[in-house]
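Visitor: My file is target.pdb. It has PDB, C-alpha atoms:
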ATOM      1  CA  MET S  54       3.859  -4.757  22.741
ATOM      2  CA  GLY S  55       6.762  -4.096  25.070
ATOM      3  CA  ASN S  56       8.523  -5.354  28.185
ATOM      4  CA  ALA S  57       6.970  -2.924  30.640
ATOM      5  CA  THR S  58       4.649  -5.182  32.664
ATOM      6  CA  LEU S  59       4.242  -8.782  33.814
ATOM      7  CA  ARG S  60       2.165  -9.525  30.693
ATOM      8  CA  SER S  61       2.792  -9.346  26.935
ATOM      9  CA  TYR S  62       0.350  -8.249  24.214
ATOM     10  CA  GLY S  63      -3.259  -7.366  25.088
ATOM     11  CA  GLY S  64      -6.033  -5.823  23.032
ATOM     12  CA  ALA S  65      -9.227  -3.797  23.039
ATOM     13  CA  GLY S  66     -12.049  -3.681  20.523
ATOM     14  CA  PHE S  67     -15.696  -3.169  19.666
ATOM     15  CA  THR S  68     -17.999  -5.941  18.494
ATOM     16  CA  LEU S  69     -20.172  -4.621  15.651
ATOM     17  CA  SER S  70     -23.536  -5.623  14.218
ATOM     18  CA  SER S  71     -22.144  -5.673  10.664
ATOM     19  CA  PRO S  72     -20.509  -6.547   8.339
ATOM     20  CA  THR S  73     -21.242 -10.147   9.278
ATOM     21  CA  THR S  74     -19.699 -13.528   8.691
ATOM     22  CA  GLU S  75     -22.444 -15.956   7.649
ATOM     23  CA  ILE S  76     -21.821 -19.697   7.365
ATOM     24  CA  ILE S  77     -24.324 -22.387   6.423
ATOM     25  CA  ALA S  78     -23.708 -25.881   7.836
ATOM     26  CA  THR S  79     -25.425 -28.990   6.434
ATOM     27  CA  PRO S  80     -24.927 -32.734   7.105
ATOM     28  CA  SER S  81     -22.134 -34.443   5.196
ATOM     29  CA  LYS S  82     -20.015 -37.600   5.269
ATOM     30  CA  ARG S  83     -16.831 -35.649   4.627
ATOM     31  CA  ILE S  84     -15.408 -32.218   5.358
ATOM     32  CA  SER S  85     -16.155 -29.811   2.530
ATOM     33  CA  VAL S  86     -16.251 -26.027   2.211
ATOM     34  CA  GLN S  87     -17.948 -24.066  -0.542
ATOM     35  CA  GLY S  88     -16.952 -20.434  -1.062
ATOM     36  CA  LEU S  89     -13.207 -20.687  -0.448
ATOM     37  CA  GLU S  90     -12.703 -18.324  -3.378
ATOM     38  CA  LYS S  91     -14.018 -15.541  -1.110
ATOM     39  CA  ILE S  92     -10.920 -15.748   1.105
ATOM     40  CA  ASP S  93      -7.177 -15.827   0.468
ATOM     41  CA  ALA S  94      -5.097 -19.010   0.287
ATOM     42  CA  ALA S  95      -3.752 -18.643   3.838
ATOM     43  CA  GLY S  96      -7.273 -18.254   5.196
ATOM     44  CA  GLY S  97      -8.402 -21.348   3.316
ATOM     45  CA  ARG S  98      -5.530 -23.407   4.713
ATOM     46  CA  ASP S  99      -6.203 -22.232   8.257
ATOM     47  CA  LEU S 100      -9.907 -23.005   7.914
ATOM     48  CA  MET S 101      -9.392 -26.547   6.632
ATOM     49  CA  ALA S 102      -6.745 -27.220   9.292
ATOM     50  CA  ALA S 103      -9.116 -26.090  12.062
ATOM     51  CA  LEU S 104     -11.927 -28.309  10.739
ATOM     52  CA  HIS S 105      -9.603 -31.309  10.593
ATOM     53  CA  ARG S 106      -8.459 -30.659  14.172
ATOM     54  CA  LEU S 107     -12.109 -30.704  15.226
ATOM     55  CA  SER S 108     -12.872 -33.959  13.385
ATOM     56  CA  LYS S 109      -9.867 -35.681  14.975
ATOM     57  CA  LEU S 110     -11.407 -35.120  18.397
ATOM     58  CA  ASN S 111     -14.641 -36.738  17.261
ATOM     59  CA  PRO S 112     -15.116 -38.299  13.783
ATOM     60  CA  SER S 113     -18.788 -37.271  13.854
ATOM     61  CA  ASN S 114     -17.818 -33.558  13.845
ATOM     62  CA  ILE S 115     -18.016 -33.286  10.063
ATOM     63  CA  ALA S 116     -20.186 -30.972   7.965
ATOM     64  CA  ARG S 117     -20.545 -29.350   4.578
ATOM     65  CA  LEU S 118     -20.013 -25.630   5.029
ATOM     66  CA  ILE S 119     -20.974 -22.773   2.745
ATOM     67  CA  ILE S 120     -19.314 -19.384   3.281
ATOM     68  CA  LYS S 121     -22.325 -17.234   2.462
ATOM     69  CA  ASN S 122     -20.867 -13.891   3.474
ATOM     70  CA  ILE S 123     -17.568 -12.659   4.880
ATOM     71  CA  PRO S 124     -16.131  -9.177   5.483
ATOM     72  CA  THR S 125     -13.108  -7.899   3.568
ATOM     73  CA  GLN S 126      -9.857  -9.467   4.765
ATOM     74  CA  HIS S 127      -6.734  -7.688   6.042
ATOM     75  CA  VAL S 128      -8.281  -4.276   6.645
ATOM     76  CA  GLY S 129      -8.942  -4.439  10.412
ATOM     77  CA  LEU S 130     -12.268  -6.269  10.741
ATOM     78  CA  GLY S 131     -11.192  -9.466  12.557
ATOM     79  CA  THR S 132     -12.356 -11.539   9.588
ATOM     80  CA  LYS S 133     -10.292 -14.671  10.155
ATOM     81  CA  SER S 134     -11.312 -15.081  13.798
ATOM     82  CA  SER S 135     -15.018 -14.878  12.956
ATOM     83  CA  LEU S 136     -14.573 -17.250  10.005
ATOM     84  CA  LEU S 137     -12.710 -19.980  11.891
ATOM     85  CA  LEU S 138     -14.865 -19.810  15.008
ATOM     86  CA  GLY S 139     -18.058 -19.636  12.941
ATOM     87  CA  ALA S 140     -17.072 -22.739  11.006
ATOM     88  CA  LEU S 141     -16.115 -24.655  14.154
ATOM     89  CA  ALA S 142     -19.227 -23.599  16.076
ATOM     90  CA  GLY S 143     -21.501 -24.335  13.103
ATOM     91  CA  THR S 144     -20.069 -27.825  12.649
ATOM     92  CA  THR S 145     -20.316 -28.616  16.358
ATOM     93  CA  LEU S 146     -23.891 -27.387  16.708
ATOM     94  CA  LEU S 147     -25.036 -29.223  13.571
ATOM     95  CA  THR S 148     -23.519 -32.537  14.675
ATOM     96  CA  LYS S 149     -24.561 -32.019  18.323
ATOM     97  CA  GLY S 150     -20.927 -32.217  19.370
ATOM     98  CA  THR S 151     -19.655 -31.356  22.839
ATOM     99  CA  ALA S 152     -16.952 -28.762  22.196
ATOM    100  CA  SER S 153     -16.761 -26.061  24.855
ATOM    101  CA  ARG S 154     -16.095 -22.393  24.184
ATOM    102  CA  LYS S 155     -12.542 -22.867  25.477
ATOM    103  CA  LEU S 156     -11.945 -25.828  23.173
ATOM    104  CA  LEU S 157     -13.317 -24.038  20.109
ATOM    105  CA  GLN S 158     -11.067 -21.082  20.847
ATOM    106  CA  LYS S 159      -8.054 -23.371  21.086
ATOM    107  CA  LEU S 160      -8.957 -25.270  17.909
ATOM    108  CA  SER S 161      -9.222 -22.003  15.989
ATOM    109  CA  GLY S 162      -5.556 -21.222  16.618
ATOM    110  CA  ARG S 163      -6.477 -17.550  17.029
ATOM    111  CA  GLY S 164      -5.651 -15.232  19.921
ATOM    112  CA  GLY S 165      -1.894 -15.350  19.511
ATOM    113  CA  ALA S 166      -1.648 -11.581  19.986
ATOM    114  CA  SER S 167      -4.955  -9.894  20.835
ATOM    115  CA  GLY S 168      -7.703 -11.922  22.481
ATOM    116  CA  VAL S 169     -10.500  -9.601  21.339
ATOM    117  CA  GLY S 170     -11.695 -11.632  18.339
ATOM    118  CA  VAL S 171     -11.719 -15.056  19.999
ATOM    119  CA  ASN S 172     -13.640 -13.696  22.983
ATOM    120  CA  ALA S 173     -15.968 -11.194  21.289
ATOM    121  CA  PHE S 174     -17.290 -14.003  19.073
ATOM    122  CA  PHE S 175     -18.918 -15.544  22.150
ATOM    123  CA  GLN S 176     -19.960 -12.528  24.215
ATOM    124  CA  GLY S 177     -19.984  -9.343  22.139
ATOM    125  CA  GLY S 178     -19.674  -5.839  23.579
ATOM    126  CA  PHE S 179     -16.525  -3.786  24.075
ATOM    127  CA  ILE S 180     -13.748  -6.074  25.275
ATOM    128  CA  THR S 181     -10.246  -5.685  26.643
ATOM    129  CA  ASP S 182      -7.929  -8.633  27.282
ATOM    130  CA  ALA S 183      -4.768  -9.168  29.319
ATOM    131  CA  GLY S 184      -2.630 -10.825  26.647
ATOM    132  CA  HIS S 185      -0.127 -13.553  27.508
ATOM    133  CA  TYR S 186       2.561 -14.556  29.978
ATOM    134  CA  PRO S 187       5.946 -13.350  28.667
ATOM    135  CA  GLU S 188       7.422 -16.840  29.109
ATOM    136  CA  ASP S 189       4.911 -18.146  26.561
ATOM    137  CA  CYS S 190       6.141 -15.631  23.989
ATOM    138  CA  SER S 191       9.294 -15.396  21.945
ATOM    139  CA  GLY S 192       9.464 -11.814  20.787
ATOM    140  CA  PHE S 193       6.363 -10.153  19.335
ATOM    141  CA  ALA S 194       4.386 -11.371  16.312
ATOM    142  CA  PRO S 195       0.840 -11.038  14.897
ATOM    143  CA  SER S 196      -1.831 -13.644  15.669
ATOM    144  CA  SER S 197      -1.162 -15.300  12.316
ATOM    145  CA  GLY S 198       2.468 -15.797  13.322
ATOM    146  CA  ARG S 199       2.046 -17.622  16.624
ATOM    147  CA  THR S 200      -0.186 -20.238  18.229
ATOM    148  CA  PRO S 201      -1.258 -19.297  21.765
ATOM    149  CA  GLN S 202      -0.678 -21.601  24.712
ATOM    150  CA  ILE S 203      -3.558 -19.996  26.610
ATOM    151  CA  ILE S 204      -6.388 -17.813  25.266
ATOM    152  CA  PRO S 205      -5.937 -14.206  26.492
ATOM    153  CA  PRO S 206      -8.336 -13.638  29.415
ATOM    154  CA  VAL S 207     -11.016 -10.957  29.245
ATOM    155  CA  VAL S 208     -10.384  -8.384  31.973
ATOM    156  CA  CYS S 209     -13.150  -5.968  30.989
ATOM    157  CA  ARG S 210     -16.383  -6.363  29.043
ATOM    158  CA  VAL S 211     -18.776  -3.395  28.705
ATOM    159  CA  ASN S 212     -22.008  -2.936  26.757
ATOM    160  CA  ILE S 213     -21.660  -0.529  23.825
ATOM    161  CA  PRO S 214     -24.126   2.409  24.042
ATOM    162  CA  LYS S 215     -27.126   1.760  21.798
ATOM    163  CA  LYS S 216     -27.220   5.307  20.451
ATOM    164  CA  TRP S 217     -23.672   5.167  19.101
ATOM    165  CA  THR S 218     -23.433   4.647  15.337
ATOM    166  CA  PHE S 219     -20.251   3.326  13.729
ATOM    167  CA  TYR S 220     -19.203   4.370  10.234
ATOM    168  CA  LEU S 221     -16.604   2.072   8.680
ATOM    169  CA  LEU S 222     -14.564   3.841   6.010
ATOM    170  CA  LEU S 223     -11.990   2.274   3.704
ATOM    171  CA  PRO S 224      -9.531   4.750   2.178
ATOM    172  CA  PRO S 225      -6.736   3.721  -0.194
ATOM    173  CA  GLY S 226      -4.077   2.304   2.097
ATOM    174  CA  LYS S 227      -1.695  -0.421   3.108
ATOM    175  CA  ARG S 228      -3.015  -3.913   3.830
ATOM    176  CA  PHE S 229      -0.712  -6.022   5.992
ATOM    177  CA  SER S 230      -0.729  -9.826   6.070
ATOM    178  CA  GLY S 231       1.629 -12.806   6.100
ATOM    179  CA  LYS S 232       5.372 -12.163   6.072
ATOM    180  CA  GLU S 233       4.917  -8.431   5.601
ATOM    181  CA  GLU S 234       2.875  -8.190   8.797
ATOM    182  CA  GLN S 235       5.417 -10.288  10.686
ATOM    183  CA  GLU S 236       8.211  -8.041   9.459
ATOM    184  CA  PHE S 237       6.291  -4.977  10.659
ATOM    185  CA  PHE S 238       6.087  -6.461  14.164
ATOM    186  CA  LYS S 239       9.777  -7.294  14.070
ATOM    187  CA  GLN S 240      10.728  -3.751  13.084
ATOM    188  CA  ASN S 241       8.374  -1.970  15.527
ATOM    189  CA  THR S 242       8.627  -3.977  18.762
ATOM    190  CA  PRO S 243       9.331  -3.916  21.593
ATOM    191  CA  VAL S 244       7.660  -0.566  22.188
ATOM    192  CA  PRO S 245       9.446   1.644  24.782
ATOM    193  CA  ARG S 246       8.290   1.057  28.354
ATOM    194  CA  SER S 247       6.954   4.585  28.877
ATOM    195  CA  GLU S 248       4.738   4.340  25.776
ATOM    196  CA  VAL S 249       3.385   0.941  26.809
ATOM    197  CA  LEU S 250       2.373   2.270  30.222
ATOM    198  CA  GLU S 251       0.826   5.410  28.724
ATOM    199  CA  SER S 252      -1.225   3.322  26.269
ATOM    200  CA  ILE S 253      -2.540   1.145  29.112
ATOM    201  CA  ALA S 254      -3.427   4.231  31.160
ATOM    202  CA  LEU S 255      -5.287   5.819  28.236
ATOM    203  CA  LEU S 256      -7.218   2.600  27.689
ATOM    204  CA  TYR S 257      -8.287   1.879  31.256
ATOM    205  CA  HIS S 258      -8.725   5.481  32.443
ATOM    206  CA  GLY S 259     -10.009   6.746  29.114
ATOM    207  CA  VAL S 260     -11.595   4.417  26.578
ATOM    208  CA  VAL S 261     -13.132   1.931  29.041
ATOM    209  CA  PRO S 262     -14.904   4.519  31.228
ATOM    210  CA  ALA S 263     -15.955   6.368  28.061
ATOM    211  CA  VAL S 264     -17.796   3.305  26.762
ATOM    212  CA  PHE S 265     -19.150   2.439  30.202
ATOM    213  CA  GLY S 266     -20.383   5.981  30.816
ATOM    214  CA  ASP S 267     -21.635   6.739  27.292
ATOM    215  CA  ASP S 268     -19.121   9.609  27.119
ATOM    216  CA  LEU S 269     -18.324  10.229  23.451
ATOM    217  CA  ASP S 270     -16.150  13.239  24.212
ATOM    218  CA  LEU S 271     -13.915  11.175  26.506
ATOM    219  CA  LEU S 272     -13.804   8.408  23.889
ATOM    220  CA  LYS S 273     -12.699  10.934  21.267
ATOM    221  CA  LYS S 274      -9.895  12.352  23.426
ATOM    222  CA  SER S 275      -8.709   8.928  24.611
ATOM    223  CA  ILE S 276      -8.552   7.317  21.174
ATOM    224  CA  ALA S 277      -6.844  10.392  19.708
ATOM    225  CA  SER S 278      -4.177  10.195  22.420
ATOM    226  CA  ILE S 279      -3.689   6.443  21.951
ATOM    227  CA  HIS S 280      -2.848   7.093  18.287
ATOM    228  CA  LYS S 281       0.081   9.278  19.383
ATOM    229  CA  VAL S 282       1.923   6.636  21.442
ATOM    230  CA  GLY S 283       2.912   2.988  21.453
ATOM    231  CA  PHE S 284       2.140   0.415  18.805
ATOM    232  CA  LYS S 285      -0.911   2.303  17.518
ATOM    233  CA  LYS S 286       1.297   5.300  16.692
ATOM    234  CA  ARG S 287       3.485   2.993  14.620
ATOM    235  CA  GLU S 288       0.488   1.394  12.879
ATOM    236  CA  LEU S 289      -0.852   4.812  11.884
ATOM    237  CA  ARG S 290       2.579   5.996  10.781
ATOM    238  CA  ALA S 291       2.794   3.057   8.351
ATOM    239  CA  GLN S 292      -0.533   3.880   6.716
ATOM    240  CA  SER S 293      -1.268   5.941   3.610
ATOM    241  CA  GLU S 294      -1.563   9.715   3.577
ATOM    242  CA  ASP S 295      -5.226   9.272   2.586
ATOM    243  CA  ALA S 296      -5.921   7.319   5.792
ATOM    244  CA  LYS S 297      -4.008   9.837   7.912
ATOM    245  CA  ARG S 298      -5.828  12.818   6.391
ATOM    246  CA  LEU S 299      -9.185  11.105   6.856
ATOM    247  CA  ILE S 300      -8.497  10.539  10.552
ATOM    248  CA  ALA S 301      -7.169  14.081  10.972
ATOM    249  CA  HIS S 302     -10.301  15.562   9.398
ATOM    250  CA  PHE S 303     -12.745  13.722  11.661
ATOM    251  CA  GLY S 304     -10.451  14.454  14.586
ATOM    252  CA  ASN S 305     -11.258  18.134  14.105
ATOM    253  CA  ILE S 306     -15.003  17.516  14.401
ATOM    254  CA  GLU S 307     -16.105  17.766  18.044
ATOM    255  CA  SER S 308     -19.087  15.434  17.866
ATOM    256  CA  CYS S 309     -17.353  12.196  16.845
ATOM    257  CA  ALA S 310     -14.531   9.835  17.765
ATOM    258  CA  VAL S 311     -12.250   8.402  15.086
ATOM    259  CA  GLY S 312      -9.493   5.823  14.878
ATOM    260  CA  LEU S 313      -7.564   3.308  12.787
ATOM    261  CA  SER S 314      -8.800  -0.261  13.265
ATOM    262  CA  SER S 315      -5.921  -2.628  14.007
ATOM    263  CA  MET S 316      -3.247  -2.028  11.318
ATOM    264  CA  GLY S 317      -5.819  -0.520   8.973
ATOM    265  CA  PRO S 318      -6.486   0.867   6.517
ATOM    266  CA  LEU S 319     -10.034   0.681   7.902
ATOM    267  CA  VAL S 320     -11.029   3.883   9.707
ATOM    268  CA  TYR S 321     -13.934   3.868  12.156
ATOM    269  CA  VAL S 322     -15.958   6.929  13.132
ATOM    270  CA  VAL S 323     -18.256   6.845  16.172
ATOM    271  CA  PHE S 324     -21.158   9.283  16.350
ATOM    272  CA  ASP S 325     -24.169   9.763  18.624
ATOM    273  CA  GLU S 326     -27.134   9.926  16.253
ATOM    274  CA  SER S 327     -29.753  10.497  18.939
ATOM    275  CA  GLU S 328     -29.667  14.229  18.122
ATOM    276  CA  ARG S 329     -28.988  14.464  14.372
ATOM    277  CA  SER S 330     -27.851  12.458  11.347
ATOM    278  CA  PHE S 331     -24.178  12.379  10.447
ATOM    279  CA  SER S 332     -24.445  10.399   7.205
ATOM    280  CA  SER S 333     -24.337  13.376   4.819
ATOM    281  CA  GLU S 334     -21.136  14.671   6.432
ATOM    282  CA  VAL S 335     -19.572  11.203   6.199
ATOM    283  CA  ALA S 336     -20.485  10.950   2.508
ATOM    284  CA  ARG S 337     -18.981  14.372   1.809
ATOM    285  CA  VAL S 338     -15.726  13.549   3.597
ATOM    286  CA  CYS S 339     -15.440  10.146   1.916
ATOM    287  CA  ASN S 340     -15.704  11.826  -1.461
ATOM    288  CA  LYS S 341     -13.061  14.378  -0.499
ATOM    289  CA  PHE S 342     -10.529  11.793   0.744
ATOM    290  CA  LYS S 343     -11.246   8.998  -1.782
ATOM    291  CA  ALA S 344     -12.628   6.707   0.921
ATOM    292  CA  ARG S 345     -15.434   4.180   0.567
ATOM    293  CA  LEU S 346     -18.159   3.823   3.190
ATOM    294  CA  ILE S 347     -18.368   0.054   3.588
ATOM    295  CA  GLU S 348     -20.808  -0.102   6.503
ATOM    296  CA  THR S 349     -22.969   1.908   8.861
ATOM    297  CA  CYS S 350     -23.712  -0.162  11.944
ATOM    298  CA  LYS S 351     -24.271  -0.373  15.684
ATOM    299  CA  GLY S 352     -22.404  -2.030  18.496
ATOM    300  CA  ARG S 353     -23.305  -5.671  19.097
ATOM    301  CA  ASN S 354     -23.705  -6.619  22.753
ATOM    302  CA  ARG S 355     -24.094 -10.354  22.261
ATOM    303  CA  GLY S 356     -22.079 -13.117  20.680
ATOM    304  CA  PHE S 357     -22.690 -15.242  17.603
ATOM    305  CA  GLU S 358     -26.220 -16.089  16.505
ATOM    306  CA  VAL S 359     -27.671 -19.389  15.286
ATOM    307  CA  ILE S 360     -30.487 -19.273  12.728
ATOM    308  CA  GLU S 361     -32.145 -22.628  12.007
TER     309      GLU S 361
END
So that I can check it, write out the structure of this file as C-alpha cells.
Guide:
Amino acid sequence: MGNATLRSYGGAGFTLSSPTTEIIATPSKRISVQGLEKIDAAGGRDLMAALHRLSKLNPSNIARLIIKNIPTQHVGLGTKSSLLLGALAGTTLLTKGTASRKLLQKLSGRGGASGVGVNAFFQGGFITDAGHYPEDCSGFAPSSGRTPQIIPPVVCRVNIPKKWTFYLLLPPGKRFSGKEEQEFFKQNTPVPRSEVLESIALLYHGVVPAVFGDDLDLLKKSIASIHKVGFKKRELRAQSEDAKRLIAHFGNIESCAVGLSSMGPLVYVVFDESERSFSSEVARVCNKFKARLIETCKGRNRGFEVIE
C-alpha cells in the first residue's frame, strides 16, 4: 500500500473450513439466482454481471443458482470472492463448460487489491500474493474499486497446522464498503516506505515461517507487530474501541495469536487445542467485550468442494 517496492498491493490470509459459501446449481434455460436477498445490492449486481460475462463466452454456460448459505458481508471474511467464484465454478461444472481457473478468476472481477480470495478459492491453505505492477494501478483502492489487469500471483502457499483452532469474533464495530471504503483508502495511502518494508519483513520472516513451522508464539509476535505499522495499523485505528479492547485482551494471553481480519470488525483468535480447550475463555471474553462468537473452525488446506 505504498511506493516502496517494484510492486503495489499484496496480501496474506488463511483459508478456513467455515463459515462456508454454499451454492446449488441446476439446469436452466436462462440465468436466474435465488437468494439475492441474502446479499447487498452491490453484491447482487456484481454477481449477475459475472454470470452474464460467463454466458457471453458460451451461451450454454447458463444455470439456475440458489444461494443456500453465505457468510456475513463486509466484516473481513472474503464473502464476495467466494460468492462470485462459487457461482461461476458451479455454472461451468454443471454445464460442462471449459473455463480455466485463470478465466474464472478474471470473470469474477476480484483480486483488484489482494489476491488471497481469488487464489485461496482454488487451493486453500495460508497464502501470500505479490500484488500488481505499479503501472497497472492508479493510486490505491479496494478490490471493489478496481478491476485487475492480471490476477496477483501466489508467491507462498503453506498448509495450516491441523491442531490450530480459529475463533471468529464479531464485536460492535465499523463495517466498510462502497464509497466509504474507497475514501478510507484515499485518506490512508500511500503508506510511508519504511512501514511498507517493515510490514513485508514481518510477514515473510515472521508470519510465513510461523505457519510453516507450526510456531504459534512466532505467529502471535509477528501479527501483533504487523498491527503496529503500515496499512494494518490504520485499519485497526479506524475500528471501534470494543474491537481494539478485544484484540488487546487476547494479546495479553501467551497461548494465542490475535488479529483484525482485513478492515474488520471481525477479530480472529488462533489457539492450539492439542493440549487444552480454549472455548470457555473465549466465551467469557466475548461476554465482557460485547462480542459474538460467529464460528469456531479449522484451517482449510484445499480449495472449493463439489458435492453432487
Visitor: Since I can't run it myself right now, could you work out what the PyMOL selection byres ((chain S and resi 253-256) around 9) selects here and report it as a ChimeraX atom specification?
Guide: /S:65,181,248-252,257-262,275-276,278-279
Visitor: Quick one: residues within 9 Å of Ala116 in chain S, all atoms listed in the file, excluding same-chain residues fewer than 4 positions away - as an MDAnalysis selection string?
Guide: chainID S and resid 78:86 143:145 147:148
Visitor: Between S:Gly198, S:Pro72, S:Pro245, S:Gly226, which is the closest to Gly55 in chain S once you count only C-alpha atoms?
Guide: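 Residue with the minimum atom-to-atom distance to Gly55 in chain S: S:Pro245.
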Visitor: Quick one: residues within 7 Å of Gly184 in chain S, only C-alpha atoms, excluding same-chain residues fewer than 2 positions away - as a ChimeraX atom specification?
Guide: /S:60-63,166-168,182,205-206
Visitor: Can you write out the residues you just picked, keeping C-alpha atoms, as a compact mmCIF listing (two decimals), in the coordinates of the input?
Guide:
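As a result, selection30.txt now contains:
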# COMPACT_ATOMS: atom_id res chain seq x y z
CA ARG S 60 2.16 -9.52 30.69
CA SER S 61 2.79 -9.35 26.94
CA TYR S 62 0.35 -8.25 24.21
CA GLY S 63 -3.26 -7.37 25.09
CA ALA S 166 -1.65 -11.58 19.99
CA SER S 167 -4.96 -9.89 20.84
CA GLY S 168 -7.70 -11.92 22.48
CA ASP S 182 -7.93 -8.63 27.28
CA PRO S 205 -5.94 -14.21 26.49
CA PRO S 206 -8.34 -13.64 29.42
Visitor: If we count all atoms listed in the file and set the cut-off at 10 Å, which residues sit around Glu236 in chain S, ignoring sequence neighbours fewer than 5 positions away in its own chain? Please answer as a short mmCIF file (atom, residue, chain, number, x, y, z; two decimals) with C-alpha atoms, in the coordinates of the input.
Guide:
data_model
loop_
_atom_site.label_atom_id
_atom_site.label_comp_id
_atom_site.auth_asym_id
_atom_site.auth_seq_id
_atom_site.Cartn_x
_atom_site.Cartn_y
_atom_site.Cartn_z
CA ALA S 194 4.39 -11.37 16.31
CA PRO S 195 0.84 -11.04 14.90
CA PHE S 229 -0.71 -6.02 5.99
CA SER S 230 -0.73 -9.83 6.07
CA GLY S 231 1.63 -12.81 6.10
CA ASN S 241 8.37 -1.97 15.53
#
Visitor: Nearest residue to Pro225 in chain S out of S:Arg329, S:Lys297, S:Arg337, S:Lys121, using only C-alpha atoms?
Guide: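 Looking only at the distances to Pro225 in chain S, the closest residue turns out to be S:Lys297.
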Visitor: Report as an NGL selection string all protein, DNA and RNA residues lying within 9 Å of Leu136 in chain S, evaluated on all atoms listed in the file, omitting residues in the same chain fewer than 6 positions from it.
Guide: :S and (74-76 or 96 or 100 or 120 or 123)
Visitor: Could you give me, as a PyMOL selection string, the residues that have an atom at most 9 Å away from the point (-18.0, 5.1, 21.6) in the coordinates of the file, using all atoms listed in the file?
Guide: chain S and resi 67+213-214+217-219+260+263-264+267-273+309-310+322-325+352
Visitor: Given the PyMOL selection byres ((chain S and resi 179) around 6) and the file above, list the residues it selects as a VMD selection string.
Guide: chain S and resid 66 to 67 178 180 210 to 211
Visitor: Compile the contact shell of Lys155 in chain S as a tab-separated table (two decimals) with C-alpha atoms, keeping the file's coordinate frame: residues with an atom at most 8 Å away, counting only C-alpha atoms, same-chain residues fewer than 3 positions apart removed.
Guide:
chain	number	residue	atom	x	y	z
S	158	GLN	CA	-11.07	-21.08	20.85
S	159	LYS	CA	-8.05	-23.37	21.09
S	204	ILE	CA	-6.39	-17.81	25.27
Visitor: Evaluating the PyMOL selection byres ((chain S and resi 92) around 12) on the displayed file yields which residues, as a list of chain:residue names?
Guide: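 This file gives the following for the PyMOL selection byres ((chain S and resi 92) around 12): S:Thr74, S:Val86, S:Gln87, S:Gly88, S:Leu89, S:Glu90, S:Lys91, S:Asp93, S:Ala94, S:Ala95, S:Gly96, S:Gly97, S:Arg98, S:Asp99, S:Leu100, S:Ile120, S:Lys121, S:Asn122, S:Ile123, S:Pro124, S:Thr125, S:Gln126, S:His127, S:Thr132, S:Lys133, S:Leu136, S:Leu137.
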Visitor: Using Å and a single decimal, report how far CA of Ser135 in chain S sits from CA of Val207 in chain S.
Guide: 17.2 Å
Visitor: Identify the residues around (-7.2, -30.0, 18.6) within a radius of 12 Å, measuring from only C-alpha atoms in the coordinates stated by the file, and give them as a short mmCIF file (atom, residue, chain, number, x, y, z; two decimals) with C-alpha atoms, in the frame of the given file.
Guide:
data_model
loop_
_atom_site.label_atom_id
_atom_site.label_comp_id
_atom_site.auth_asym_id
_atom_site.auth_seq_id
_atom_site.Cartn_x
_atom_site.Cartn_y
_atom_site.Cartn_z
CA ALA S 102 -6.74 -27.22 9.29
CA ALA S 103 -9.12 -26.09 12.06
CA LEU S 104 -11.93 -28.31 10.74
CA HIS S 105 -9.60 -31.31 10.59
CA ARG S 106 -8.46 -30.66 14.17
CA LEU S 107 -12.11 -30.70 15.23
CA SER S 108 -12.87 -33.96 13.38
CA LYS S 109 -9.87 -35.68 14.98
CA LEU S 110 -11.41 -35.12 18.40
CA ASN S 111 -14.64 -36.74 17.26
CA LEU S 141 -16.11 -24.66 14.15
CA ALA S 152 -16.95 -28.76 22.20
CA LYS S 155 -12.54 -22.87 25.48
CA LEU S 156 -11.94 -25.83 23.17
CA LEU S 157 -13.32 -24.04 20.11
CA GLN S 158 -11.07 -21.08 20.85
CA LYS S 159 -8.05 -23.37 21.09
CA LEU S 160 -8.96 -25.27 17.91
CA SER S 161 -9.22 -22.00 15.99
CA GLY S 162 -5.56 -21.22 16.62
#
Visitor: What does the structure give for the distance between CA of Gly64 in chain S and CA of Arg199 in chain S, in Å to one decimal?
Guide: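 CA of Arg199 in chain S lies at a distance of 15.7 Å from CA of Gly64 in chain S.
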Visitor: Between CA of Glu233 in chain S and CA of His280 in chain S, what distance in Å does the model show, to one decimal?
Guide: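 It comes out at 21.5 Å.
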Visitor: Taking all atoms listed in the file into account, name the residue in S:Arg355, S:Phe237, S:Tyr220, S:Met54 that is nearest to Val335 in chain S.
Guide: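 Smallest separation from Val335 in chain S among the options: S:Tyr220.
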Visitor: Return the single residue from S:Met316, S:Met101, S:Leu69, S:Val311 that is closest to Ala291 in chain S, with distances computed using all atoms listed in the file.
Guide: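 Comparing S:Met316, S:Met101, S:Leu69, S:Val311 against Ala291 in chain S, the winner is S:Met316.
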Visitor: From the set S:Cys339, S:Val359, S:Ala57, S:Ile347, which residue has the shortest atom-to-atom contact distance to Ser71 in chain S, counting only C-alpha atoms?
Guide: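 Closest candidate: S:Ile347.
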Visitor: Here is a test: counting all atoms listed in the file, which residue of S:Lys274, S:Lys281, S:Lys149, S:Lys341 is nearest to Asp295 in chain S?
Guide: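 Under the stated criterion, the closest residue is S:Lys341.
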Visitor: Since the input has fewer atoms than a full residue there, write range 242-247 of chain S out with N, CA and C atoms, as an mmCIF file, in the frame of the given file.
Guide:
data_model
loop_
_atom_site.group_PDB
_atom_site.id
_atom_site.type_symbol
_atom_site.label_atom_id
_atom_site.label_comp_id
_atom_site.auth_asym_id
_atom_site.auth_seq_id
_atom_site.Cartn_x
_atom_site.Cartn_y
_atom_site.Cartn_z
ATOM 1 N N THR S 242 8.721 -3.535 17.375
ATOM 2 C CA THR S 242 8.627 -3.977 18.762
ATOM 3 C C THR S 242 10.016 -4.382 19.241
ATOM 4 N N PRO S 243 10.263 -4.348 20.549
ATOM 5 C CA PRO S 243 9.331 -3.916 21.593
ATOM 6 C C PRO S 243 9.164 -2.401 21.641
ATOM 7 N N VAL S 244 7.965 -1.984 22.023
ATOM 8 C CA VAL S 244 7.660 -0.566 22.188
ATOM 9 C C VAL S 244 8.298 -0.095 23.504
ATOM 10 N N PRO S 245 8.845 1.125 23.543
ATOM 11 C CA PRO S 245 9.446 1.644 24.782
ATOM 12 C C PRO S 245 8.488 1.552 25.974
ATOM 13 N N ARG S 246 9.067 1.280 27.130
ATOM 14 C CA ARG S 246 8.290 1.057 28.354
ATOM 15 C C ARG S 246 7.327 2.205 28.655
ATOM 16 N N SER S 247 7.795 3.432 28.541
ATOM 17 C CA SER S 247 6.954 4.585 28.877
ATOM 18 C C SER S 247 5.717 4.658 27.987
#
